[in-house]
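K.L.:
Could you have a look at this structure, given as C-alpha coordinates, before my questions?
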Amino acid sequence: VAGLHNQPLYSDLTIITPSCNLHSHKFVLSCRSDTWGVPSLSEVESLDWSSLEEGVATTLLSWVYTDQLHLSGGKEGDRFTLALMAAASKFQLTPLVERCEQSLMSSVSVANCISFYATAHTIGAEKLASHCSSLISANWSQFQPEDFEALSAELVFTMLQERASHPLHSAIRLRREDVVFLYLVKFHSQLDHRLNEADSEGRLPLDLALELREEGIADSLVEHRVNVSRLTKEGE
(Lines give C-alpha, C1' and ligand atoms only; values in the text may rest on other atoms or scores of the structure.)
Protein backbone atom coordinates (compact mmCIF):
# COMPACT_ATOMS: atom_id res chain seq x y z
CA VAL A 1 0.00 0.00 0.00
CA ALA A 2 2.83 2.41 0.82
CA GLY A 3 4.03 2.13 -2.77
CA LEU A 4 0.75 3.58 -4.02
CA HIS A 5 1.19 6.84 -2.10
CA ASN A 6 0.47 9.72 -4.50
CA GLN A 7 0.81 7.39 -7.50
CA PRO A 8 -1.53 7.55 -10.50
CA LEU A 9 -1.62 3.74 -10.76
CA TYR A 10 -5.13 2.56 -9.82
CA SER A 11 -5.93 6.06 -8.50
CA ASP A 12 -9.66 6.73 -8.39
CA LEU A 13 -9.71 9.78 -6.11
CA THR A 14 -8.09 13.21 -6.25
CA ILE A 15 -7.29 15.15 -3.10
CA ILE A 16 -7.22 18.90 -3.60
CA THR A 17 -4.73 20.74 -1.36
CA PRO A 18 -3.97 24.48 -1.30
CA SER A 19 -1.27 24.14 -3.97
CA CYS A 20 -1.69 20.83 -5.79
CA ASN A 21 -3.78 17.75 -6.54
CA LEU A 22 -2.74 14.43 -5.02
CA HIS A 23 -3.46 10.96 -6.35
CA SER A 24 -5.22 8.68 -3.90
CA HIS A 25 -7.23 5.48 -3.68
CA LYS A 26 -10.66 5.05 -2.15
CA PHE A 27 -9.97 1.58 -0.78
CA VAL A 28 -6.90 2.83 1.12
CA LEU A 29 -8.76 5.73 2.70
CA SER A 30 -11.73 3.49 3.51
CA CYS A 31 -9.47 1.16 5.46
CA ARG A 32 -8.40 4.05 7.68
CA SER A 33 -11.74 5.78 8.31
CA ASP A 34 -15.35 6.10 7.23
CA THR A 35 -15.32 9.86 7.80
CA TRP A 36 -13.81 12.00 5.04
CA GLY A 37 -16.18 14.95 4.91
CA VAL A 38 -18.46 13.42 2.29
CA PRO A 39 -21.45 11.09 2.63
CA SER A 40 -19.67 8.30 0.74
CA LEU A 41 -16.28 8.00 -0.96
CA SER A 42 -17.85 5.81 -3.62
CA GLU A 43 -19.95 8.73 -4.82
CA VAL A 44 -17.17 11.31 -5.27
CA GLU A 45 -14.13 11.75 -7.48
CA SER A 46 -12.28 14.24 -5.28
CA LEU A 47 -11.87 15.49 -1.71
CA ASP A 48 -11.35 19.17 -1.02
CA TRP A 49 -8.61 19.66 1.58
CA SER A 50 -7.83 23.21 0.50
CA SER A 51 -8.77 24.50 3.96
CA LEU A 52 -5.84 22.58 5.46
CA GLU A 53 -2.35 23.97 5.27
CA GLU A 54 -0.28 22.21 2.63
CA GLY A 55 2.09 20.47 5.04
CA VAL A 56 -0.77 19.14 7.15
CA ALA A 57 -2.59 17.74 4.11
CA THR A 58 0.47 16.01 2.65
CA THR A 59 1.64 14.67 6.02
CA LEU A 60 -1.80 13.29 6.83
CA LEU A 61 -2.10 11.53 3.48
CA SER A 62 1.41 10.15 3.79
CA TRP A 63 0.55 8.65 7.18
CA VAL A 64 -2.63 7.08 5.76
CA TYR A 65 -0.53 5.15 3.24
CA THR A 66 2.72 4.52 5.11
CA ASP A 67 1.91 4.72 8.82
CA GLN A 68 5.09 6.77 9.10
CA LEU A 69 5.18 10.10 10.91
CA HIS A 70 8.04 12.46 11.62
CA LEU A 71 7.24 15.34 13.95
CA SER A 72 9.62 18.10 15.01
CA GLY A 73 9.68 20.04 18.24
CA GLY A 74 9.99 23.72 18.96
CA LYS A 75 7.31 26.36 18.74
CA GLU A 76 6.64 25.95 15.01
CA GLY A 77 6.82 22.16 15.22
CA ASP A 78 4.30 22.09 18.05
CA ARG A 79 1.98 24.44 16.15
CA PHE A 80 2.13 22.11 13.15
CA THR A 81 1.46 19.04 15.31
CA LEU A 82 -1.59 20.73 16.84
CA ALA A 83 -2.93 21.51 13.36
CA LEU A 84 -2.26 17.93 12.22
CA MET A 85 -3.98 16.53 15.31
CA ALA A 86 -7.04 18.69 14.66
CA ALA A 87 -7.22 17.49 11.05
CA ALA A 88 -6.80 13.87 12.13
CA SER A 89 -9.62 14.31 14.62
CA LYS A 90 -11.86 15.76 11.90
CA PHE A 91 -11.39 12.59 9.86
CA GLN A 92 -11.61 10.33 12.93
CA LEU A 93 -8.08 9.00 12.49
CA THR A 94 -7.71 8.03 16.14
CA PRO A 95 -4.23 6.41 15.89
CA LEU A 96 -2.85 9.57 14.29
CA VAL A 97 -4.51 11.76 16.92
CA GLU A 98 -2.88 9.64 19.62
CA ARG A 99 0.55 9.88 17.96
CA CYS A 100 0.28 13.67 17.84
CA GLU A 101 -1.04 13.80 21.40
CA GLN A 102 1.88 11.74 22.70
CA SER A 103 4.37 13.96 20.89
CA LEU A 104 2.85 17.13 22.35
CA MET A 105 2.78 15.83 25.93
CA SER A 106 6.53 16.34 26.26
CA SER A 107 6.30 19.88 24.89
CA VAL A 108 3.66 21.24 27.27
CA SER A 109 4.88 24.19 29.32
CA VAL A 110 3.44 27.11 31.24
CA ALA A 111 3.91 29.23 28.14
CA ASN A 112 1.80 27.06 25.84
CA CYS A 113 -0.48 25.00 28.08
CA ILE A 114 -3.54 27.23 27.58
CA SER A 115 -3.44 27.06 23.77
CA PHE A 116 -2.70 23.33 23.91
CA TYR A 117 -5.62 22.83 26.30
CA ALA A 118 -8.00 24.69 24.00
CA THR A 119 -7.17 22.49 21.01
CA ALA A 120 -7.06 19.26 23.01
CA HIS A 121 -10.41 19.96 24.64
CA THR A 122 -12.03 20.83 21.30
CA ILE A 123 -11.00 17.61 19.58
CA GLY A 124 -11.34 15.33 22.60
CA ALA A 125 -7.66 14.58 23.22
CA GLU A 126 -8.36 13.79 26.87
CA LYS A 127 -4.86 12.90 28.06
CA LEU A 128 -3.35 16.09 26.68
CA ALA A 129 -6.27 18.19 27.94
CA SER A 130 -5.97 16.73 31.44
CA HIS A 131 -2.20 17.26 31.50
CA CYS A 132 -2.56 20.88 30.38
CA SER A 133 -5.39 21.52 32.82
CA SER A 134 -3.27 20.25 35.71
CA LEU A 135 -0.39 22.53 34.70
CA ILE A 136 -2.74 25.51 34.42
CA SER A 137 -4.12 24.80 37.89
CA ALA A 138 -0.64 24.43 39.43
CA ASN A 139 0.55 27.73 37.93
CA TRP A 140 -2.68 29.71 38.12
CA SER A 141 -1.09 32.75 39.75
CA GLN A 142 1.29 33.21 36.80
CA PHE A 143 -1.48 33.79 34.26
CA GLN A 144 -3.07 37.08 33.34
CA PRO A 145 -6.62 37.70 32.06
CA GLU A 146 -5.31 38.30 28.55
CA ASP A 147 -3.91 34.75 28.47
CA PHE A 148 -7.50 33.46 28.34
CA GLU A 149 -8.97 36.02 25.94
CA ALA A 150 -8.95 33.67 22.94
CA LEU A 151 -10.79 30.91 24.79
CA SER A 152 -14.56 30.59 24.58
CA ALA A 153 -16.69 31.24 27.65
CA GLU A 154 -17.77 27.59 27.69
CA LEU A 155 -14.18 26.37 27.67
CA VAL A 156 -13.04 28.73 30.43
CA PHE A 157 -16.10 27.82 32.51
CA THR A 158 -15.35 24.11 32.13
CA MET A 159 -11.73 24.68 33.12
CA LEU A 160 -12.66 26.68 36.21
CA GLN A 161 -15.20 24.10 37.33
CA GLU A 162 -12.61 21.35 37.04
CA ARG A 163 -9.66 23.13 38.61
CA ALA A 164 -10.62 26.27 40.57
CA SER A 165 -11.65 26.02 44.21
CA HIS A 166 -13.88 29.09 43.73
CA PRO A 167 -14.88 29.28 40.04
CA LEU A 168 -16.93 32.48 40.42
CA HIS A 169 -14.06 34.38 42.01
CA SER A 170 -11.68 33.08 39.35
CA ALA A 171 -14.01 34.17 36.56
CA ILE A 172 -14.20 37.65 38.08
CA ARG A 173 -10.40 37.84 38.36
CA LEU A 174 -10.18 36.91 34.69
CA ARG A 175 -12.60 39.77 33.96
CA ARG A 176 -14.84 37.35 32.04
CA GLU A 177 -18.40 38.61 32.33
CA ASP A 178 -19.50 35.91 29.86
CA VAL A 179 -18.14 33.18 32.15
CA VAL A 180 -19.82 34.77 35.18
CA PHE A 181 -23.09 34.66 33.21
CA LEU A 182 -22.69 30.91 32.61
CA TYR A 183 -22.01 30.44 36.32
CA LEU A 184 -25.18 32.34 37.26
CA VAL A 185 -27.25 30.23 34.88
CA LYS A 186 -25.84 26.88 35.99
CA PHE A 187 -26.18 27.56 39.72
CA HIS A 188 -29.38 29.59 39.55
CA SER A 189 -31.05 27.61 42.33
CA GLN A 190 -28.03 27.96 44.64
CA LEU A 191 -27.17 31.62 44.20
CA ASP A 192 -28.26 32.70 47.69
CA HIS A 193 -25.30 30.76 49.02
CA ARG A 194 -22.82 30.90 46.16
CA LEU A 195 -22.96 34.66 45.53
CA ASN A 196 -22.19 35.35 49.18
CA GLU A 197 -19.44 32.80 49.65
CA ALA A 198 -15.96 34.06 50.49
CA ASP A 199 -12.89 32.49 48.92
CA SER A 200 -9.82 31.24 50.82
CA GLU A 201 -8.63 34.84 51.19
CA GLY A 202 -11.93 35.98 52.62
CA ARG A 203 -12.89 37.87 49.46
CA LEU A 204 -16.54 38.15 48.44
CA PRO A 205 -17.51 38.11 44.73
CA LEU A 206 -19.09 41.57 44.79
CA ASP A 207 -16.14 43.14 46.59
CA LEU A 208 -13.77 41.60 44.07
CA ALA A 209 -15.79 42.84 41.09
CA LEU A 210 -15.93 46.38 42.51
CA GLU A 211 -12.23 46.41 43.30
CA LEU A 212 -11.42 45.39 39.71
CA ARG A 213 -13.91 47.99 38.45
CA GLU A 214 -15.84 45.33 36.59
CA GLU A 215 -19.14 47.22 36.70
CA GLY A 216 -20.92 44.82 34.37
CA ILE A 217 -20.11 41.86 36.58
CA ALA A 218 -21.03 43.80 39.71
CA ASP A 219 -24.38 44.77 38.17
CA SER A 220 -25.07 41.13 37.29
CA LEU A 221 -24.35 40.04 40.85
CA VAL A 222 -26.68 42.70 42.24
CA GLU A 223 -29.40 41.76 39.75
CA HIS A 224 -29.16 38.20 41.01
CA ARG A 225 -29.67 39.43 44.56
CA VAL A 226 -26.20 39.24 46.02
CA ASN A 227 -26.21 40.36 49.67
CA VAL A 228 -24.82 43.89 49.38
CA SER A 229 -24.58 44.14 53.18
CA ARG A 230 -22.50 41.00 53.62
CA LEU A 231 -19.23 41.62 55.50
CA THR A 232 -15.87 40.11 54.73
CA LYS A 233 -14.05 38.20 57.47
CA GLU A 234 -12.26 41.47 58.29
CA GLY A 235 -15.66 43.02 59.01
CA GLU A 236 -15.55 45.37 56.00
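Residues in the C-alpha coordinates are numbered from 1 in each chain, the chains being A, B, ... in the order shown, and ligands are numbered from 1 in the order shown.
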Mind dumping a table of every stretch 81-195 of chain A residue within 8 Å of stretch 214-222 of chain A, with the nearest atom pair and its distance in Å to one decimal, using only C-alpha atoms, sorted by chain and rising number, as JSON lines?
P.N.:
{"residue": "A:Ile172", "atom": "CA", "partner": "A:Ile217", "partner_atom": "CA", "distance": 7.4}
{"residue": "A:Arg175", "atom": "CA", "partner": "A:Glu214", "partner_atom": "CA", "distance": 7.0}
{"residue": "A:Glu177", "atom": "CA", "partner": "A:Ile217", "partner_atom": "CA", "distance": 5.6}
{"residue": "A:Val180", "atom": "CA", "partner": "A:Ile217", "partner_atom": "CA", "distance": 7.2}
{"residue": "A:Phe181", "atom": "CA", "partner": "A:Ser220", "partner_atom": "CA", "distance": 7.9}
{"residue": "A:Leu195", "atom": "CA", "partner": "A:Leu221", "partner_atom": "CA", "distance": 7.3}
K.L.:
Write the residues you've just listed into a file as a PDB file, in the first residue's frame, and include all heavy atoms for each of them.
P.N.:
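Result written to selection_18.pdb:
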ATOM      1  N   ILE A 172     -14.242  36.205  37.863  1.00  0.00           N
ATOM      2  CA  ILE A 172     -14.195  37.654  38.076  1.00  0.00           C
ATOM      3  C   ILE A 172     -12.769  38.160  37.927  1.00  0.00           C
ATOM      4  O   ILE A 172     -12.533  39.201  37.289  1.00  0.00           O
ATOM      5  CB  ILE A 172     -14.756  38.014  39.460  1.00  0.00           C
ATOM      6  CG1 ILE A 172     -16.250  37.663  39.538  1.00  0.00           C
ATOM      7  CG2 ILE A 172     -14.551  39.498  39.758  1.00  0.00           C
ATOM      8  CD1 ILE A 172     -16.843  37.773  40.928  1.00  0.00           C
ATOM      9  N   ARG A 175     -11.813  38.703  34.582  1.00  0.00           N
ATOM     10  CA  ARG A 175     -12.604  39.769  33.957  1.00  0.00           C
ATOM     11  C   ARG A 175     -13.481  39.212  32.829  1.00  0.00           C
ATOM     12  O   ARG A 175     -13.692  39.859  31.815  1.00  0.00           O
ATOM     13  CB  ARG A 175     -11.698  40.887  33.429  1.00  0.00           C
ATOM     14  CG  ARG A 175     -10.822  41.518  34.499  1.00  0.00           C
ATOM     15  CD  ARG A 175      -9.858  42.542  33.914  1.00  0.00           C
ATOM     16  NE  ARG A 175      -8.949  43.080  34.885  1.00  0.00           N
ATOM     17  CZ  ARG A 175      -9.194  44.157  35.657  1.00  0.00           C
ATOM     18  NH1 ARG A 175     -10.341  44.793  35.531  1.00  0.00           N
ATOM     19  NH2 ARG A 175      -8.301  44.582  36.522  1.00  0.00           N
ATOM     20  N   GLU A 177     -16.979  38.454  32.019  1.00  0.00           N
ATOM     21  CA  GLU A 177     -18.398  38.606  32.328  1.00  0.00           C
ATOM     22  C   GLU A 177     -19.217  37.484  31.697  1.00  0.00           C
ATOM     23  O   GLU A 177     -20.236  37.046  32.261  1.00  0.00           O
ATOM     24  CB  GLU A 177     -18.891  39.964  31.824  1.00  0.00           C
ATOM     25  CG  GLU A 177     -20.320  40.289  32.233  1.00  0.00           C
ATOM     26  CD  GLU A 177     -20.727  41.715  31.879  1.00  0.00           C
ATOM     27  OE1 GLU A 177     -19.850  42.504  31.460  1.00  0.00           O
ATOM     28  OE2 GLU A 177     -21.929  42.028  32.016  1.00  0.00           O
ATOM     29  N   VAL A 180     -18.984  34.515  33.996  1.00  0.00           N
ATOM     30  CA  VAL A 180     -19.822  34.765  35.176  1.00  0.00           C
ATOM     31  C   VAL A 180     -21.284  34.488  34.837  1.00  0.00           C
ATOM     32  O   VAL A 180     -22.023  33.898  35.634  1.00  0.00           O
ATOM     33  CB  VAL A 180     -19.644  36.211  35.677  1.00  0.00           C
ATOM     34  CG1 VAL A 180     -20.679  36.543  36.763  1.00  0.00           C
ATOM     35  CG2 VAL A 180     -18.231  36.420  36.213  1.00  0.00           C
ATOM     36  N   PHE A 181     -21.713  34.900  33.640  1.00  0.00           N
ATOM     37  CA  PHE A 181     -23.094  34.656  33.212  1.00  0.00           C
ATOM     38  C   PHE A 181     -23.406  33.150  33.187  1.00  0.00           C
ATOM     39  O   PHE A 181     -24.458  32.716  33.668  1.00  0.00           O
ATOM     40  CB  PHE A 181     -23.331  35.256  31.824  1.00  0.00           C
ATOM     41  CG  PHE A 181     -24.665  34.902  31.226  1.00  0.00           C
ATOM     42  CD1 PHE A 181     -25.817  35.549  31.656  1.00  0.00           C
ATOM     43  CD2 PHE A 181     -24.760  33.927  30.250  1.00  0.00           C
ATOM     44  CE1 PHE A 181     -27.049  35.226  31.113  1.00  0.00           C
ATOM     45  CE2 PHE A 181     -25.994  33.593  29.714  1.00  0.00           C
ATOM     46  CZ  PHE A 181     -27.139  34.238  30.140  1.00  0.00           C
ATOM     47  N   LEU A 195     -23.324  33.267  45.776  1.00  0.00           N
ATOM     48  CA  LEU A 195     -22.957  34.663  45.533  1.00  0.00           C
ATOM     49  C   LEU A 195     -22.413  35.342  46.776  1.00  0.00           C
ATOM     50  O   LEU A 195     -21.799  36.406  46.685  1.00  0.00           O
ATOM     51  CB  LEU A 195     -24.166  35.450  45.016  1.00  0.00           C
ATOM     52  CG  LEU A 195     -24.700  35.082  43.636  1.00  0.00           C
ATOM     53  CD1 LEU A 195     -25.747  36.093  43.196  1.00  0.00           C
ATOM     54  CD2 LEU A 195     -23.579  35.005  42.605  1.00  0.00           C
TER      55      LEU A 195
END
K.L.:
Excluding same-chain residues fewer than 6 positions from stretch 120-126 of chain A, what lies within 10 Å of it counting only C-alpha atoms, as a list in words?
P.N.:
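Near stretch 120-126 of chain A, the qualifying residues are Leu82, Met85, Ala86, Ala87, Ala88, Ser89, Lys90, Gln92, Thr94, Val97, Glu98, Cys100, Glu101, Gln102, Ile114, Cys132, Ser133, Leu155, Thr158 and Met159 of chain A.
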K.L.:
I'd like the neighbourhood of A:Tyr183 as a list in words, where a residue qualifies if any of its atoms comes within 12 Å (using only C-alpha atoms), though same-chain residues fewer than 5 positions away should be ignored.
P.N.:
Ala153, Glu154, Val156, Phe157, Thr158, Leu160, Gln161, His166, Pro167, Leu168, His169, Ser170, Ala171, Ile172, Arg176, Glu177, Asp178, His188, Ser189, Gln190, Leu191, Arg194, Leu195, Ile217, Ser220, Leu221 and His224 of chain A
K.L.:
Apply DSSP to the backbone of this structure and, from stretch 37-99 of chain A, keep only the residues in alpha helix (DSSP H); write these as JSON, numbers by chain.
P.N.:
{"A": [54, 55, 56, 57, 58, 59, 60, 61, 62, 63, 64, 65, 66, 74, 75, 76, 77, 78, 79, 80, 81, 82, 83, 84, 85, 86, 87, 88, 89, 90, 94, 95, 96, 97, 98, 99]}
K.L.:
Looking at only C-alpha atoms, which of A:Thr35, A:Ser141, A:Thr66, A:Thr59 is the one that sits closest to A:Leu84?
P.N.:
A:Thr59
K.L.:
Figure out the distance between atom CA of A:Leu29 and atom CA of A:Lys127, please, to one decimal in Å.
P.N.:
26.6 Å
K.L.:
Can you measure atom CA of A:Leu22 to atom CA of A:Asn6 for me? One decimal in Å is fine.
P.N.:
5.7 Å
K.L.:
Which residue is closest to A:Leu52? Choose from A:Gln68, A:Ser24, A:Gln144, A:Ser19 and count only C-alpha atoms.
P.N.:
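Nearest to A:Leu52: A:Ser19.
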K.L.:
Have a look at atom CA of A:Glu197 and atom CA of A:Trp140 and let me know their distance in Å, one decimal.
P.N.:
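Separation of atom CA of A:Glu197 and atom CA of A:Trp140: 20.6 Å.
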K.L.:
Neighbours of A:Ala111 within 10 Å (only C-alpha atoms; same-chain residues fewer than 3 positions away dropped), as number ranges by chain?
P.N.:
A: 108, 114-116, 136, 142-143, 147
K.L.:
Suppose we keep N, CA, C and O atoms; can you now write the selection as a PDB file, in the first residue's frame?
P.N.:
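Everything below was put into out-v7.pdb:
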ATOM      1  N   VAL A 108       4.535  20.347  26.510  1.00  0.00           N
ATOM      2  CA  VAL A 108       3.661  21.236  27.269  1.00  0.00           C
ATOM      3  C   VAL A 108       4.460  22.023  28.302  1.00  0.00           C
ATOM      4  O   VAL A 108       5.282  21.467  29.038  1.00  0.00           O
ATOM      5  N   ILE A 114      -2.167  26.759  27.813  1.00  0.00           N
ATOM      6  CA  ILE A 114      -3.535  27.233  27.584  1.00  0.00           C
ATOM      7  C   ILE A 114      -3.961  26.982  26.139  1.00  0.00           C
ATOM      8  O   ILE A 114      -5.061  26.480  25.880  1.00  0.00           O
ATOM      9  N   SER A 115      -3.091  27.302  25.175  1.00  0.00           N
ATOM     10  CA  SER A 115      -3.436  27.062  23.774  1.00  0.00           C
ATOM     11  C   SER A 115      -3.527  25.575  23.477  1.00  0.00           C
ATOM     12  O   SER A 115      -4.399  25.128  22.720  1.00  0.00           O
ATOM     13  N   PHE A 116      -2.636  24.785  24.084  1.00  0.00           N
ATOM     14  CA  PHE A 116      -2.697  23.335  23.914  1.00  0.00           C
ATOM     15  C   PHE A 116      -3.999  22.786  24.484  1.00  0.00           C
ATOM     16  O   PHE A 116      -4.643  21.928  23.893  1.00  0.00           O
ATOM     17  N   ILE A 136      -2.088  24.211  34.262  1.00  0.00           N
ATOM     18  CA  ILE A 136      -2.736  25.512  34.425  1.00  0.00           C
ATOM     19  C   ILE A 136      -3.117  25.726  35.884  1.00  0.00           C
ATOM     20  O   ILE A 136      -2.891  26.798  36.454  1.00  0.00           O
ATOM     21  N   GLN A 142       0.390  32.637  37.813  1.00  0.00           N
ATOM     22  CA  GLN A 142       1.291  33.206  36.803  1.00  0.00           C
ATOM     23  C   GLN A 142       0.549  33.744  35.575  1.00  0.00           C
ATOM     24  O   GLN A 142       1.143  34.444  34.762  1.00  0.00           O
ATOM     25  N   PHE A 143      -0.733  33.390  35.450  1.00  0.00           N
ATOM     26  CA  PHE A 143      -1.481  33.787  34.255  1.00  0.00           C
ATOM     27  C   PHE A 143      -2.186  35.123  34.461  1.00  0.00           C
ATOM     28  O   PHE A 143      -2.550  35.489  35.566  1.00  0.00           O
ATOM     29  N   ASP A 147      -4.308  36.097  28.900  1.00  0.00           N
ATOM     30  CA  ASP A 147      -3.907  34.753  28.468  1.00  0.00           C
ATOM     31  C   ASP A 147      -5.107  33.897  28.077  1.00  0.00           C
ATOM     32  O   ASP A 147      -4.964  32.916  27.339  1.00  0.00           O
TER      33      ASP A 147
END
K.L.:
Point out the residue among A:Glu211, A:Glu146, A:Asp199, A:Asp12 with the least atom-to-atom distance to A:Leu47, counting only C-alpha atoms.
P.N.:
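Nearest to A:Leu47: A:Asp12.
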